[in-house]
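K.L.:
Supplied structure: start_11.txt, compact mmCIF, C-alpha atoms.
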# COMPACT_ATOMS: atom_id res chain seq x y z
CA MET A 1 -8.86 -12.69 -7.41
CA LYS A 2 -11.51 -10.00 -7.52
CA LYS A 3 -12.95 -9.10 -10.91
CA SER A 4 -11.72 -5.52 -10.72
CA ARG A 5 -8.15 -6.77 -10.31
CA ILE A 6 -8.59 -9.24 -13.14
CA PHE A 7 -9.64 -6.43 -15.45
CA ALA A 8 -6.62 -4.35 -14.42
CA VAL A 9 -4.42 -7.31 -15.29
CA LEU A 10 -6.08 -7.79 -18.64
CA ALA A 11 -5.81 -4.15 -19.59
CA ALA A 12 -2.17 -4.18 -18.57
CA MET A 13 -1.55 -7.25 -20.72
CA VAL A 14 -2.84 -5.40 -23.76
CA MET A 15 -0.57 -2.44 -23.12
CA GLY A 16 2.35 -4.65 -22.25
CA LEU A 17 2.12 -6.62 -25.48
CA ALA A 18 2.07 -3.36 -27.38
CA VAL A 19 5.21 -2.29 -25.54
CA PHE A 20 6.94 -5.42 -26.80
CA GLY A 21 6.42 -4.50 -30.43
CA CYS A 22 2.92 -5.66 -31.34
CA SER A 23 2.14 -3.34 -34.22
CA ASN A 24 -0.89 -2.24 -36.12
CA GLY A 25 -0.88 -2.86 -39.82
CA SER A 26 -2.21 -0.50 -42.44
CA SER A 27 -5.17 -0.41 -44.76
CA ASP A 28 -6.00 2.07 -47.44
CA GLY A 29 -9.53 2.15 -46.14
CA SER A 30 -11.22 1.36 -49.43
CA GLU A 31 -14.07 -1.09 -49.37
CA GLY A 32 -13.83 -4.33 -51.26
CA SER A 33 -11.00 -3.45 -53.63
CA ASN A 34 -7.90 -4.05 -51.54
CA THR A 35 -6.95 -7.05 -49.48
CA GLY A 36 -5.35 -6.45 -46.08
CA SER A 37 -4.02 -8.96 -43.58
CA SER A 38 -6.18 -9.45 -40.51
CA THR A 39 -4.14 -11.07 -37.79
CA SER A 40 -5.01 -11.97 -34.22
CA GLU A 41 -2.40 -12.11 -31.52
CA SER A 42 -2.69 -14.92 -29.02
CA ALA A 43 -0.88 -14.72 -25.71
CA VAL A 44 -0.80 -17.46 -23.10
CA PHE A 45 -0.07 -16.54 -19.50
CA GLN A 46 -0.13 -19.23 -16.84
CA SER A 47 -0.01 -19.19 -13.08
CA SER A 48 -0.44 -22.10 -10.72
CA LYS A 49 -1.48 -19.68 -7.99
CA PHE A 50 -4.32 -17.69 -9.52
CA TYR A 51 -5.46 -18.83 -12.91
CA GLU A 52 -4.71 -20.34 -16.27
CA GLY A 53 -6.15 -18.94 -19.44
CA THR A 54 -5.73 -17.80 -23.01
CA ILE A 55 -5.89 -14.22 -24.18
CA GLN A 56 -6.90 -13.54 -27.76
CA ILE A 57 -6.10 -10.00 -28.85
CA GLU A 58 -7.09 -8.54 -32.22
CA TYR A 59 -5.58 -5.18 -33.11
CA LYS A 60 -7.70 -3.37 -35.67
CA ALA A 61 -6.62 -0.94 -38.37
CA ASP A 62 -8.59 1.86 -36.77
CA GLY A 63 -6.47 1.66 -33.61
CA THR A 64 -9.04 -0.16 -31.48
CA TYR A 65 -8.64 -3.65 -30.08
CA LEU A 66 -10.79 -6.61 -29.25
CA MET A 67 -9.65 -8.98 -26.51
CA THR A 68 -11.21 -12.22 -25.33
CA TRP A 69 -9.95 -14.04 -22.27
CA SER A 70 -11.08 -17.59 -21.66
CA TYR A 71 -10.05 -18.91 -18.30
CA GLY A 72 -10.29 -22.19 -16.45
CA ASP A 73 -10.98 -22.83 -12.80
CA TYR A 74 -8.98 -20.52 -10.60
CA SER A 75 -8.46 -20.20 -6.88
CA ALA A 76 -6.96 -17.77 -4.43
CA ALA A 77 -6.87 -17.45 -0.67
CA SER A 78 -9.90 -15.19 -0.55
CA ALA A 79 -11.68 -16.18 -3.75
CA THR A 80 -15.44 -16.48 -3.36
CA ASN A 81 -16.31 -17.42 -6.92
CA LYS A 82 -14.90 -20.13 -9.14
CA GLY A 83 -15.90 -21.27 -12.57
CA LYS A 84 -15.40 -21.17 -16.28
CA GLY A 85 -16.32 -18.35 -18.60
CA THR A 86 -15.22 -15.80 -21.13
CA TYR A 87 -14.46 -12.12 -20.75
CA THR A 88 -14.63 -9.98 -23.88
CA LEU A 89 -13.31 -6.44 -23.92
CA ASP A 90 -13.18 -3.88 -26.68
CA GLY A 91 -12.20 -0.26 -26.51
CA THR A 92 -9.70 2.47 -27.21
CA PHE A 93 -6.76 4.21 -25.53
CA GLU A 94 -7.17 7.95 -25.03
CA ASN A 95 -5.28 10.38 -22.82
CA GLY A 96 -3.84 7.66 -20.62
CA THR A 97 -7.19 6.01 -20.01
CA ILE A 98 -8.55 2.74 -21.37
CA HIS A 99 -12.18 3.13 -22.36
CA GLN A 100 -13.46 -0.40 -22.54
CA HIS A 101 -16.68 -2.27 -22.88
CA GLN A 102 -16.67 -5.54 -20.99
CA THR A 103 -18.82 -8.62 -21.23
CA HIS A 104 -18.69 -11.71 -19.05
CA SER A 105 -20.58 -14.91 -19.70
CA SER A 106 -20.56 -18.33 -18.07
CA GLY A 107 -22.95 -21.06 -17.18
CA THR A 108 -24.31 -19.08 -14.26
CA LEU A 109 -23.65 -15.44 -15.07
CA SER A 110 -23.96 -13.07 -17.97
CA SER A 111 -23.38 -9.35 -17.64
CA GLU A 112 -21.89 -6.39 -19.41
CA TRP A 113 -20.82 -2.91 -18.46
CA VAL A 114 -18.64 0.00 -19.50
CA GLU A 115 -15.65 0.99 -17.42
CA GLU A 116 -12.78 3.44 -17.58
CA VAL A 117 -9.47 2.09 -16.29
CA GLU A 118 -6.57 4.41 -15.62
CA ASP A 119 -3.37 3.60 -17.44
CA ASN A 120 -1.16 1.43 -15.23
CA ASP A 121 2.49 2.26 -14.77
CA ILE A 122 4.55 -0.22 -16.74
CA THR A 123 8.25 -0.81 -16.27
CA VAL A 124 10.12 -2.58 -19.07
CA LYS A 125 13.51 -4.13 -18.42
CA ASP A 126 15.44 -7.20 -19.57
CA GLY A 127 12.63 -8.69 -21.59
CA LYS A 128 10.09 -8.29 -18.81
CA PHE A 129 7.43 -5.76 -18.03
CA THR A 130 5.96 -5.09 -14.60
CA VAL A 131 2.55 -3.61 -13.95
CA ASP A 132 3.31 -1.51 -10.91
CA ASP A 133 -0.29 -1.00 -9.83
CA ILE A 134 -0.97 -4.66 -9.13
CA GLY A 135 2.50 -6.09 -8.77
CA VAL A 136 2.58 -8.51 -11.67
CA THR A 137 5.57 -9.28 -13.85
CA PHE A 138 5.10 -10.78 -17.31
CA THR A 139 7.97 -12.51 -19.08
CA LYS A 140 8.19 -12.68 -22.86
CA VAL A 141 9.62 -16.05 -23.88
CA GLY A 142 9.01 -15.99 -27.63
CA SER A 143 6.89 -14.68 -30.47
CA SER A 144 5.85 -15.51 -33.99
CA SER A 145 3.93 -13.69 -36.68
CA SER A 146 0.99 -14.91 -38.66
CA SER A 147 -1.51 -13.28 -40.95
CA GLY A 148 -4.81 -14.04 -42.55
CA GLY A 149 -6.98 -12.59 -45.24
CA GLY A 150 -9.20 -9.60 -44.81
CA THR A 151 -10.63 -6.95 -47.05
CA GLY A 152 -10.87 -3.19 -46.93
CA SER A 153 -11.03 -1.44 -43.59
CA GLU A 154 -11.60 -4.68 -41.75
CA GLY A 155 -8.07 -5.86 -42.54
CA GLY A 156 -4.67 -4.44 -41.82
CA SER A 157 -3.52 -5.76 -38.42
CA THR A 158 -0.24 -7.59 -38.04
CA GLY A 159 1.25 -9.25 -35.02
CA GLY A 160 2.40 -12.52 -33.51
CA THR A 161 2.02 -14.98 -30.72
CA THR A 162 3.64 -14.34 -27.38
CA SER A 163 3.86 -16.92 -24.64
CA GLY A 164 5.02 -16.12 -21.17
CA SER A 165 4.73 -16.74 -17.48
CA ILE A 166 2.98 -14.64 -14.91
CA GLU A 167 3.94 -14.61 -11.25
CA PRO A 168 1.46 -12.51 -9.32
CA VAL A 169 2.17 -11.55 -5.78
CA ALA A 170 -0.52 -13.07 -3.59
CA GLU A 171 -3.71 -11.16 -3.06
CA ASN A 172 -3.69 -8.65 -0.24
CA PHE A 173 -0.12 -7.54 -0.88
CA VAL A 174 0.40 -3.90 -1.82
CA LYS A 175 3.36 -2.26 -3.49
CA ILE A 176 5.30 0.14 -1.28
CA PRO A 177 7.13 2.82 -3.28
CA ALA A 178 10.91 3.14 -3.27
CA ALA A 179 12.60 5.86 -1.26
CA SER A 180 15.92 7.69 -1.30
CA ILE A 181 16.65 9.00 2.18
CA ASP A 182 19.64 11.28 2.47
CA GLY A 183 19.72 11.81 6.22
CA THR A 184 18.74 15.49 6.18
CA GLU A 185 14.99 15.01 6.53
CA THR A 186 12.88 16.08 9.47
CA TRP A 187 10.55 13.32 10.65
CA THR A 188 7.37 13.72 12.63
CA LEU A 189 7.34 11.87 14.95
CA GLY A 190 11.13 11.92 15.26
CA SER A 191 12.72 8.71 14.03
CA GLU A 192 15.41 6.53 15.60
CA VAL A 193 15.75 4.65 12.30
CA PHE A 194 15.97 7.52 9.82
CA VAL A 195 18.65 9.32 11.77
CA SER A 196 20.74 12.29 10.71
CA GLY A 197 23.29 11.41 8.05
CA ARG A 198 22.01 7.87 7.46
CA LYS A 199 21.63 7.55 3.70
CA LEU A 200 19.24 4.80 2.66
CA GLU A 201 17.98 3.47 -0.64
CA ILE A 202 14.79 1.58 0.07
CA ALA A 203 13.82 -0.40 -3.02
CA SER A 204 10.16 -0.81 -3.81
CA PHE A 205 8.73 -3.93 -2.18
CA TYR A 206 5.45 -5.70 -1.57
CA MET A 207 3.99 -5.84 1.91
CA SER A 208 1.00 -7.80 3.11
CA ASP A 209 -1.80 -5.42 3.97
CA HIS A 210 -2.44 -7.43 7.13
CA GLU A 211 -0.59 -9.33 9.81
CA VAL A 212 -0.26 -13.08 9.19
CA THR A 213 -3.51 -14.57 10.45
CA ARG A 214 -4.11 -17.67 12.50
CA GLY A 215 -5.74 -19.30 9.49
CA GLU A 216 -2.82 -18.49 7.20
CA TYR A 217 -0.29 -19.76 9.69
CA LYS A 218 -2.16 -23.02 10.27
CA ALA A 219 -2.53 -23.61 6.52
CA VAL A 220 1.26 -23.52 6.13
CA MET A 221 2.51 -24.94 9.42
CA GLY A 222 -0.33 -27.31 10.30
CA SER A 223 -1.17 -25.82 13.69
CA ASP A 224 -1.99 -22.51 15.35
CA PRO A 225 0.22 -21.65 18.35
CA SER A 226 -1.80 -18.60 19.39
CA THR A 227 -2.56 -18.10 23.07
CA ALA A 228 -4.32 -14.71 23.07
CA ASP A 229 -8.09 -14.58 23.32
CA ALA A 230 -9.67 -13.67 19.98
CA TYR A 231 -12.51 -11.24 19.34
CA ASP A 232 -14.29 -9.75 16.38
CA LYS A 233 -14.27 -6.01 15.73
CA ASP A 234 -17.27 -5.53 18.02
CA GLY A 235 -15.69 -7.34 20.95
CA LYS A 236 -17.53 -10.65 20.57
CA GLU A 237 -15.32 -13.52 21.67
CA LEU A 238 -14.41 -16.01 18.95
CA THR A 239 -13.49 -19.68 19.18
CA GLY A 240 -12.49 -22.46 16.81
CA ASP A 241 -12.43 -21.67 13.10
CA ALA A 242 -13.98 -18.27 13.76
CA THR A 243 -10.56 -17.08 15.00
CA LYS A 244 -8.92 -17.59 11.60
CA ASN A 245 -8.91 -13.89 10.70
CA ASN A 246 -7.26 -12.81 13.92
CA PRO A 247 -3.49 -12.30 13.82
CA VAL A 248 -1.42 -15.31 14.78
CA ASN A 249 0.41 -14.71 18.04
CA ASN A 250 2.79 -16.39 20.48
CA ILE A 251 5.33 -16.28 17.65
CA SER A 252 9.10 -15.99 18.13
CA TRP A 253 11.43 -14.47 15.57
CA TYR A 254 12.72 -17.99 14.92
CA ASP A 255 9.14 -19.17 14.26
CA ALA A 256 8.60 -16.31 11.83
CA ILE A 257 11.57 -17.11 9.59
CA VAL A 258 10.58 -20.80 9.54
CA TYR A 259 7.13 -19.77 8.31
CA CYS A 260 8.61 -17.47 5.66
CA ASN A 261 10.77 -20.19 4.11
CA THR A 262 8.17 -22.93 4.50
CA ARG A 263 5.55 -20.86 2.69
CA SER A 264 8.05 -19.82 0.02
CA ILE A 265 8.89 -23.47 -0.70
CA LYS A 266 5.21 -24.44 -0.78
CA GLU A 267 4.57 -21.72 -3.36
CA LYS A 268 7.68 -22.61 -5.39
CA LEU A 269 9.44 -19.36 -4.58
CA ASP A 270 13.10 -18.89 -3.70
CA PRO A 271 13.47 -18.89 0.10
CA CYS A 272 15.20 -15.88 1.60
CA TYR A 273 16.70 -17.36 4.77
CA LYS A 274 19.58 -19.77 5.25
CA ILE A 275 20.82 -21.52 8.37
CA ASP A 276 24.03 -23.51 7.98
CA GLY A 277 23.75 -22.84 4.24
CA LYS A 278 20.35 -24.56 4.01
CA THR A 279 17.04 -22.99 3.03
CA ASP A 280 14.70 -25.86 3.95
CA PRO A 281 13.53 -25.39 7.55
CA SER A 282 13.08 -29.15 7.90
CA GLU A 283 16.87 -29.33 7.85
CA TRP A 284 17.37 -26.68 10.52
CA GLY A 285 16.28 -28.83 13.45
CA GLU A 286 13.75 -27.97 16.14
CA VAL A 287 12.92 -24.32 16.64
CA PRO A 288 15.01 -23.28 19.67
CA GLU A 289 13.32 -22.43 22.95
CA TYR A 290 16.35 -20.44 24.06
CA ARG A 291 19.03 -18.31 22.46
CA ASN A 292 20.77 -20.33 19.77
CA GLU A 293 23.93 -19.16 18.03
CA LYS A 294 23.38 -21.30 14.94
CA TRP A 295 19.95 -19.77 14.41
CA ASN A 296 21.23 -16.31 15.28
CA ALA A 297 23.69 -16.66 12.40
CA ALA A 298 20.81 -16.96 9.91
CA THR A 299 21.40 -14.99 6.72
CA CYS A 300 18.90 -13.34 4.41
CA ASP A 301 19.15 -13.24 0.62
CA PHE A 302 17.46 -9.93 -0.09
CA THR A 303 17.46 -10.71 -3.83
CA ALA A 304 15.31 -13.85 -3.48
CA ASN A 305 11.65 -13.66 -4.47
CA GLY A 306 10.28 -15.51 -1.44
CA TYR A 307 8.64 -14.24 1.71
CA ARG A 308 10.63 -12.50 4.43
CA LEU A 309 10.33 -10.14 7.35
CA PRO A 310 10.68 -6.42 6.61
CA THR A 311 13.78 -4.57 7.66
CA GLU A 312 13.09 -1.98 10.31
CA ALA A 313 13.60 0.79 7.73
CA GLU A 314 11.11 -0.87 5.36
CA TRP A 315 8.62 -1.29 8.18
CA GLU A 316 8.78 2.32 9.32
CA TRP A 317 8.72 3.69 5.78
CA ALA A 318 5.59 1.64 5.07
CA ALA A 319 3.94 2.53 8.39
CA ARG A 320 4.46 6.26 7.88
CA ALA A 321 3.13 6.04 4.32
CA GLY A 322 4.42 9.48 3.39
CA LYS A 323 2.47 11.19 6.19
CA ASN A 324 3.30 12.82 9.51
CA TYR A 325 0.72 11.01 11.59
CA THR A 326 1.32 9.96 15.19
CA TYR A 327 0.07 6.46 14.45
CA ALA A 328 0.06 4.46 11.21
CA GLY A 329 -2.73 6.22 9.35
CA SER A 330 -4.08 8.75 11.84
CA ASP A 331 -3.36 11.10 14.72
CA THR A 332 -6.28 9.46 16.53
CA ILE A 333 -5.23 6.07 17.85
CA ASP A 334 -8.73 4.58 17.96
CA ASP A 335 -9.05 5.08 14.20
CA VAL A 336 -6.26 2.63 13.44
CA ALA A 337 -5.23 0.53 16.44
CA TYR A 338 -6.43 -2.14 18.85
CA TYR A 339 -4.49 -1.54 22.06
CA ASN A 340 -4.81 -1.95 25.83
CA THR A 341 -7.62 -4.46 25.43
CA ASP A 342 -8.38 -8.08 26.24
CA GLY A 343 -7.17 -9.88 23.13
CA THR A 344 -6.60 -9.71 19.39
CA ARG A 345 -9.21 -8.51 16.91
CA ASP A 346 -9.97 -9.49 13.32
CA VAL A 347 -7.41 -7.96 10.98
CA LYS A 348 -8.36 -5.19 8.56
CA THR A 349 -11.25 -3.90 10.65
CA LYS A 350 -9.67 -0.54 11.54
CA LYS A 351 -8.75 2.25 9.14
CA ALA A 352 -5.80 1.60 6.81
CA ASN A 353 -2.92 3.99 6.34
CA ALA A 354 -2.22 5.82 3.07
CA TYR A 355 -0.50 2.75 1.60
CA LYS A 356 -3.60 0.66 2.39
CA LEU A 357 -1.89 -1.26 5.19
CA TYR A 358 -3.96 -2.29 8.19
CA ASP A 359 -2.98 -2.76 11.84
CA MET A 360 0.50 -1.30 11.49
CA SER A 361 -0.38 0.21 14.85
CA GLY A 362 -1.78 -2.19 17.44
CA ASN A 363 -3.23 -5.73 17.41
CA VAL A 364 0.12 -7.60 17.62
CA TYR A 365 3.74 -6.51 17.60
CA GLU A 366 5.45 -7.34 14.31
CA TRP A 367 8.93 -8.86 14.13
CA CYS A 368 11.46 -7.22 11.82
CA TRP A 369 14.68 -8.66 10.43
CA ASP A 370 17.06 -6.30 12.25
CA TRP A 371 19.09 -6.76 15.38
CA TYR A 372 18.10 -4.15 17.92
CA GLY A 373 20.51 -1.40 18.93
CA SER A 374 21.32 2.27 18.53
CA ILE A 375 21.35 3.29 14.89
CA SER A 376 23.95 5.69 13.51
CA SER A 377 24.68 7.22 10.14
CA ASP A 378 26.91 4.21 9.37
CA THR A 379 24.30 1.52 10.07
CA ALA A 380 23.55 -0.63 7.02
CA SER A 381 20.08 -0.60 5.50
CA SER A 382 19.50 -4.11 6.86
CA GLY A 383 20.36 -2.99 10.39
CA LEU A 384 23.13 -3.89 12.78
CA ALA A 385 25.36 -6.85 11.99
CA SER A 386 24.82 -8.56 15.34
CA GLY A 387 23.11 -8.25 18.69
CA SER A 388 21.16 -10.00 21.41
CA HIS A 389 17.62 -8.97 20.49
CA ARG A 390 15.58 -8.62 17.32
CA CYS A 391 13.37 -5.62 16.60
CA ARG A 392 9.61 -5.60 16.76
CA ARG A 393 7.35 -2.72 15.82
CA GLY A 394 3.80 -1.44 15.93
CA GLY A 395 2.41 -2.01 19.41
CA SER A 396 -0.21 -4.59 20.39
CA TRP A 397 -3.57 -5.33 21.93
CA TYR A 398 -1.90 -5.77 25.32
CA ASN A 399 0.12 -2.57 25.45
CA SER A 400 -0.73 1.07 26.00
CA GLY A 401 -1.06 3.51 23.15
CA SER A 402 2.58 4.55 23.39
CA GLY A 403 3.59 1.21 21.89
CA ALA A 404 1.49 1.94 18.80
CA LEU A 405 3.33 5.16 17.92
CA VAL A 406 4.63 5.01 14.37
CA ALA A 407 8.14 5.82 15.63
CA ASN A 408 8.14 3.44 18.61
CA ARG A 409 10.86 0.76 18.63
CA ASN A 410 10.85 -2.36 20.74
CA TYR A 411 12.76 -5.62 20.95
CA ASP A 412 13.07 -9.07 22.48
CA GLY A 413 15.15 -12.20 22.26
CA PRO A 414 14.59 -14.01 18.95
CA TYR A 415 13.53 -17.15 20.82
CA TYR A 416 10.91 -15.39 22.95
CA ARG A 417 7.21 -16.10 22.39
CA CYS A 418 4.43 -13.93 23.70
CA SER A 419 0.66 -13.69 23.19
CA TYR A 420 1.08 -10.28 21.58
CA TYR A 421 3.97 -11.07 19.21
CA GLY A 422 3.16 -11.73 15.55
CA PHE A 423 4.55 -10.72 12.18
CA ARG A 424 3.83 -9.42 8.68
CA LEU A 425 5.30 -10.54 5.36
CA VAL A 426 7.08 -8.70 2.57
CA ARG A 427 8.43 -9.73 -0.83
CA ASN A 428 10.76 -8.06 -3.29
CA ALA A 429 9.22 -6.08 -6.11
CA ASN A 430 12.16 -6.28 -8.53
Produce structure tokens that represent the structure in this file.
P.N.:
Amino acid sequence: MKKSRIFAVLAAMVMGLAVFGCSNGSSDGSEGSNTGSSTSESAVFQSSKFYEGTIQIEYKADGTYLMTWSYGDYSAASATNKGKGTYTLDGTFENGTIHQHQTHSSGTLSSEWVEEVEDNDITVKDGKFTVDDIGVTFTKVGSSSSSGGGTGSEGGSTGGTTSGSIEPVAENFVKIPAASIDGTETWTLGSEVFVSGRKLEIASFYMSDHEVTRGEYKAVMGSDPSTADAYDKDGKELTGDATKNNPVNNISWYDAIVYCNTRSIKEKLDPCYKIDGKTDPSEWGEVPEYRNEKWNAATCDFTANGYRLPTEAEWEWAARAGKNYTYAGSDTIDDVAYYNTDGTRDVKTKKANAYKLYDMSGNVYEWCWDWYGSISSDTASSGLASGSHRCRRGGSWYNSGSGALVANRNYDGPYYRCSYYGFRLVRNAN
């Protein structure tokens, strides 16, 4: 986890604890004659995915705070630094901005700096608060109050101890805002998904900012099925481990849902997909090479917190990113897409769209959940109830620029594998 994201989390923790009723005490301000209670609040947040640590927060009578976070070894998919150390922050809240002074020290690094962090949006519901900016939900599981001695203006804080769990969405996922679509909008380019009269409520969700890579797929599934040649952004051919940042390809829709559930189980999340009432892909049998009615009857639990494919409406909403561009992030295809070329390219090496999503146009086609067919005002938000083909979106390295249009729809049999078929992951935000 990058330091800047860690600091956003820490600042949000301070605000979140205050939301849950951490209160400042009072002091009459006189020196030496009155005894106040000086209390520190300790909060423990643990995550097997990113880090484990202890946050010590001291609320002062003058409205400022002092926070120290001691953390153990942590790891993440793209982490480049690991170690032990202590972060100390002190500062004030003013006009929606946290003005904080930060110090970090460890066996190999000592530094300090001053930073202003914008106030994160915080949603509080059912004993939980979510920091919208970074997609983290904190759960309050208990609290207790304690106090100690202090004198004069140095005393006066009261509070308690709050323990909870933290379940960050993996790095490189971004939060896509919710949308209410009433079917009267005008879309540029015209949409075959957001059609006249089709009312949709698209809940906020998290989407990976990149297509699943060959390295990510191999880490979960044990092998890389890709058949497309791989190149870096400058067109240099890659082989072996150097291909790990290229999008995985030669993926069928069946392969994609197996990956989603397998990764969810590995990360102790609730799988979204069921076949014959089972969520463990090891119980589904071999991935079919041809059309298979049992696999076609797969269901999706859209309330589960595991990984899944986006619906076609989610995909197009995210690709458009609130803009009227021809492609996902630009009217100029070469800004955002690898297309009509000789193989895949490293992900995240073209310009992102306004939601900070890369390669939504080009590189590899991305499977969606939906059955393919003509959409009407009565079509459910999750697409048609049945069909022969599943949707794929976004164009690819192999196809012409028309495939990369933000409004372009395409499809194939769910069993079909191709060197320019891949996928991208989403997760629920609520």
K.L.:
Kindly give the distance, in Å, that separates atom CA of A:Tyr358 and atom CA of A:Gly373, rounded to a single decimal.
P.N.:
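That distance, rounded to one decimal, is 26.7 Å.
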K.L.:
Work out how far apart atom CA of A:Gly383 and atom CA of A:Arg198 are and give it in Å to one decimal.
P.N.:
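Calculated distance between atom CA of A:Gly383 and atom CA of A:Arg198 is 11.4 Å.
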K.L.:
How many Å lie between atom CA of A:Ala429 and atom CA of A:Phe205, rounded to one decimal?
P.N.:
4.5 Å
K.L.:
Please work out which residues fall within 10 Å of (3.5, 3.4, 8.5), coordinates as given in the file, with all atoms listed in the file counting, and return them as number ranges by chain.
P.N.:
A: 314-330, 352-361, 394, 405-407
K.L.:
Would you mind exporting the chosen residues as a compact mmCIF listing (two decimals), in the frame of the given file, restricted to C-alpha atoms?
P.N.:
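Result file is selection_11.txt:
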# COMPACT_ATOMS: atom_id res chain seq x y z
CA GLU A 314 11.11 -0.87 5.36
CA TRP A 315 8.62 -1.29 8.18
CA GLU A 316 8.78 2.32 9.32
CA TRP A 317 8.72 3.69 5.78
CA ALA A 318 5.59 1.64 5.07
CA ALA A 319 3.94 2.53 8.39
CA ARG A 320 4.46 6.26 7.88
CA ALA A 321 3.13 6.04 4.32
CA GLY A 322 4.42 9.48 3.39
CA LYS A 323 2.47 11.19 6.19
CA ASN A 324 3.30 12.82 9.51
CA TYR A 325 0.72 11.01 11.59
CA THR A 326 1.32 9.96 15.19
CA TYR A 327 0.07 6.46 14.45
CA ALA A 328 0.06 4.46 11.21
CA GLY A 329 -2.73 6.22 9.35
CA SER A 330 -4.08 8.75 11.84
CA ALA A 352 -5.80 1.60 6.81
CA ASN A 353 -2.92 3.99 6.34
CA ALA A 354 -2.22 5.82 3.07
CA TYR A 355 -0.50 2.75 1.60
CA LYS A 356 -3.60 0.66 2.39
CA LEU A 357 -1.89 -1.26 5.19
CA TYR A 358 -3.96 -2.29 8.19
CA ASP A 359 -2.98 -2.76 11.84
CA MET A 360 0.50 -1.30 11.49
CA SER A 361 -0.38 0.21 14.85
CA GLY A 394 3.80 -1.44 15.93
CA LEU A 405 3.33 5.16 17.92
CA VAL A 406 4.63 5.01 14.37
CA ALA A 407 8.14 5.82 15.63
K.L.:
Please determine, counting only C-alpha atoms, which residue among A:Gly240, A:Pro414, A:Pro281, A:Gly190 has the shortest atom-to-atom distance to A:Asp224.
P.N.:
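Distance minimum relative to A:Asp224 lands on A:Gly240.
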K.L.:
Write out as a PyMOL selection string the residues lying within 12 Å of A:Ser196, counting only C-alpha atoms and excluding same-chain residues fewer than 3 positions away.
P.N.:
chain A and resi 181-187+190-193+199-200+375-379
K.L.:
Take the residues just selected and output them with C-alpha atoms as a PDB file, in the frame of the given file.
P.N.:
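Result file part36.pdb:
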ATOM      1  CA  ILE A 181      16.650   9.000   2.180  1.00  0.00           C
ATOM      2  CA  ASP A 182      19.640  11.280   2.470  1.00  0.00           C
ATOM      3  CA  GLY A 183      19.720  11.810   6.220  1.00  0.00           C
ATOM      4  CA  THR A 184      18.740  15.490   6.180  1.00  0.00           C
ATOM      5  CA  GLU A 185      14.990  15.010   6.530  1.00  0.00           C
ATOM      6  CA  THR A 186      12.880  16.080   9.470  1.00  0.00           C
ATOM      7  CA  TRP A 187      10.550  13.320  10.650  1.00  0.00           C
ATOM      8  CA  GLY A 190      11.130  11.920  15.260  1.00  0.00           C
ATOM      9  CA  SER A 191      12.720   8.710  14.030  1.00  0.00           C
ATOM     10  CA  GLU A 192      15.410   6.530  15.600  1.00  0.00           C
ATOM     11  CA  VAL A 193      15.750   4.650  12.300  1.00  0.00           C
ATOM     12  CA  LYS A 199      21.630   7.550   3.700  1.00  0.00           C
ATOM     13  CA  LEU A 200      19.240   4.800   2.660  1.00  0.00           C
ATOM     14  CA  ILE A 375      21.350   3.290  14.890  1.00  0.00           C
ATOM     15  CA  SER A 376      23.950   5.690  13.510  1.00  0.00           C
ATOM     16  CA  SER A 377      24.680   7.220  10.140  1.00  0.00           C
ATOM     17  CA  ASP A 378      26.910   4.210   9.370  1.00  0.00           C
ATOM     18  CA  THR A 379      24.300   1.520  10.070  1.00  0.00           C
TER      19      THR A 379
END
K.L.:
If you count all atoms listed in the file, which residues fall within 10 Å of stretch 235-239 of chain A, apart from same-chain ones fewer than 3 positions away, as a PyMOL selection string?
P.N.:
chain A and resi 229-232+242-244+246+341-346
K.L.:
Find the residues around A:Lys266 up to 12 Å (only C-alpha atoms counted), leave out those fewer than 3 positions away in its own chain, and share them as a list in words.
P.N.:
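Listed by chain and then number, they are Ser48, Lys49, Ala219, Val220, Met221, Tyr259, Cys260, Asn261, Thr262, Arg263, Leu269, Asp270, Pro271, Asp280, Pro281, Gly306 and Tyr307 of chain A.
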K.L.:
Centre and edge lengths of an axis-aligned box around all listed atoms of stretch 363-380 of chain A, with 4 Å added on each side, are to be given in Å to one decimal, as lines of an AutoDock Vina configuration file.
P.N.:
center_x = 11.8
center_y = -0.8
center_z = 13.0
size_x = 38.1
size_y = 24.1
size_z = 19.9
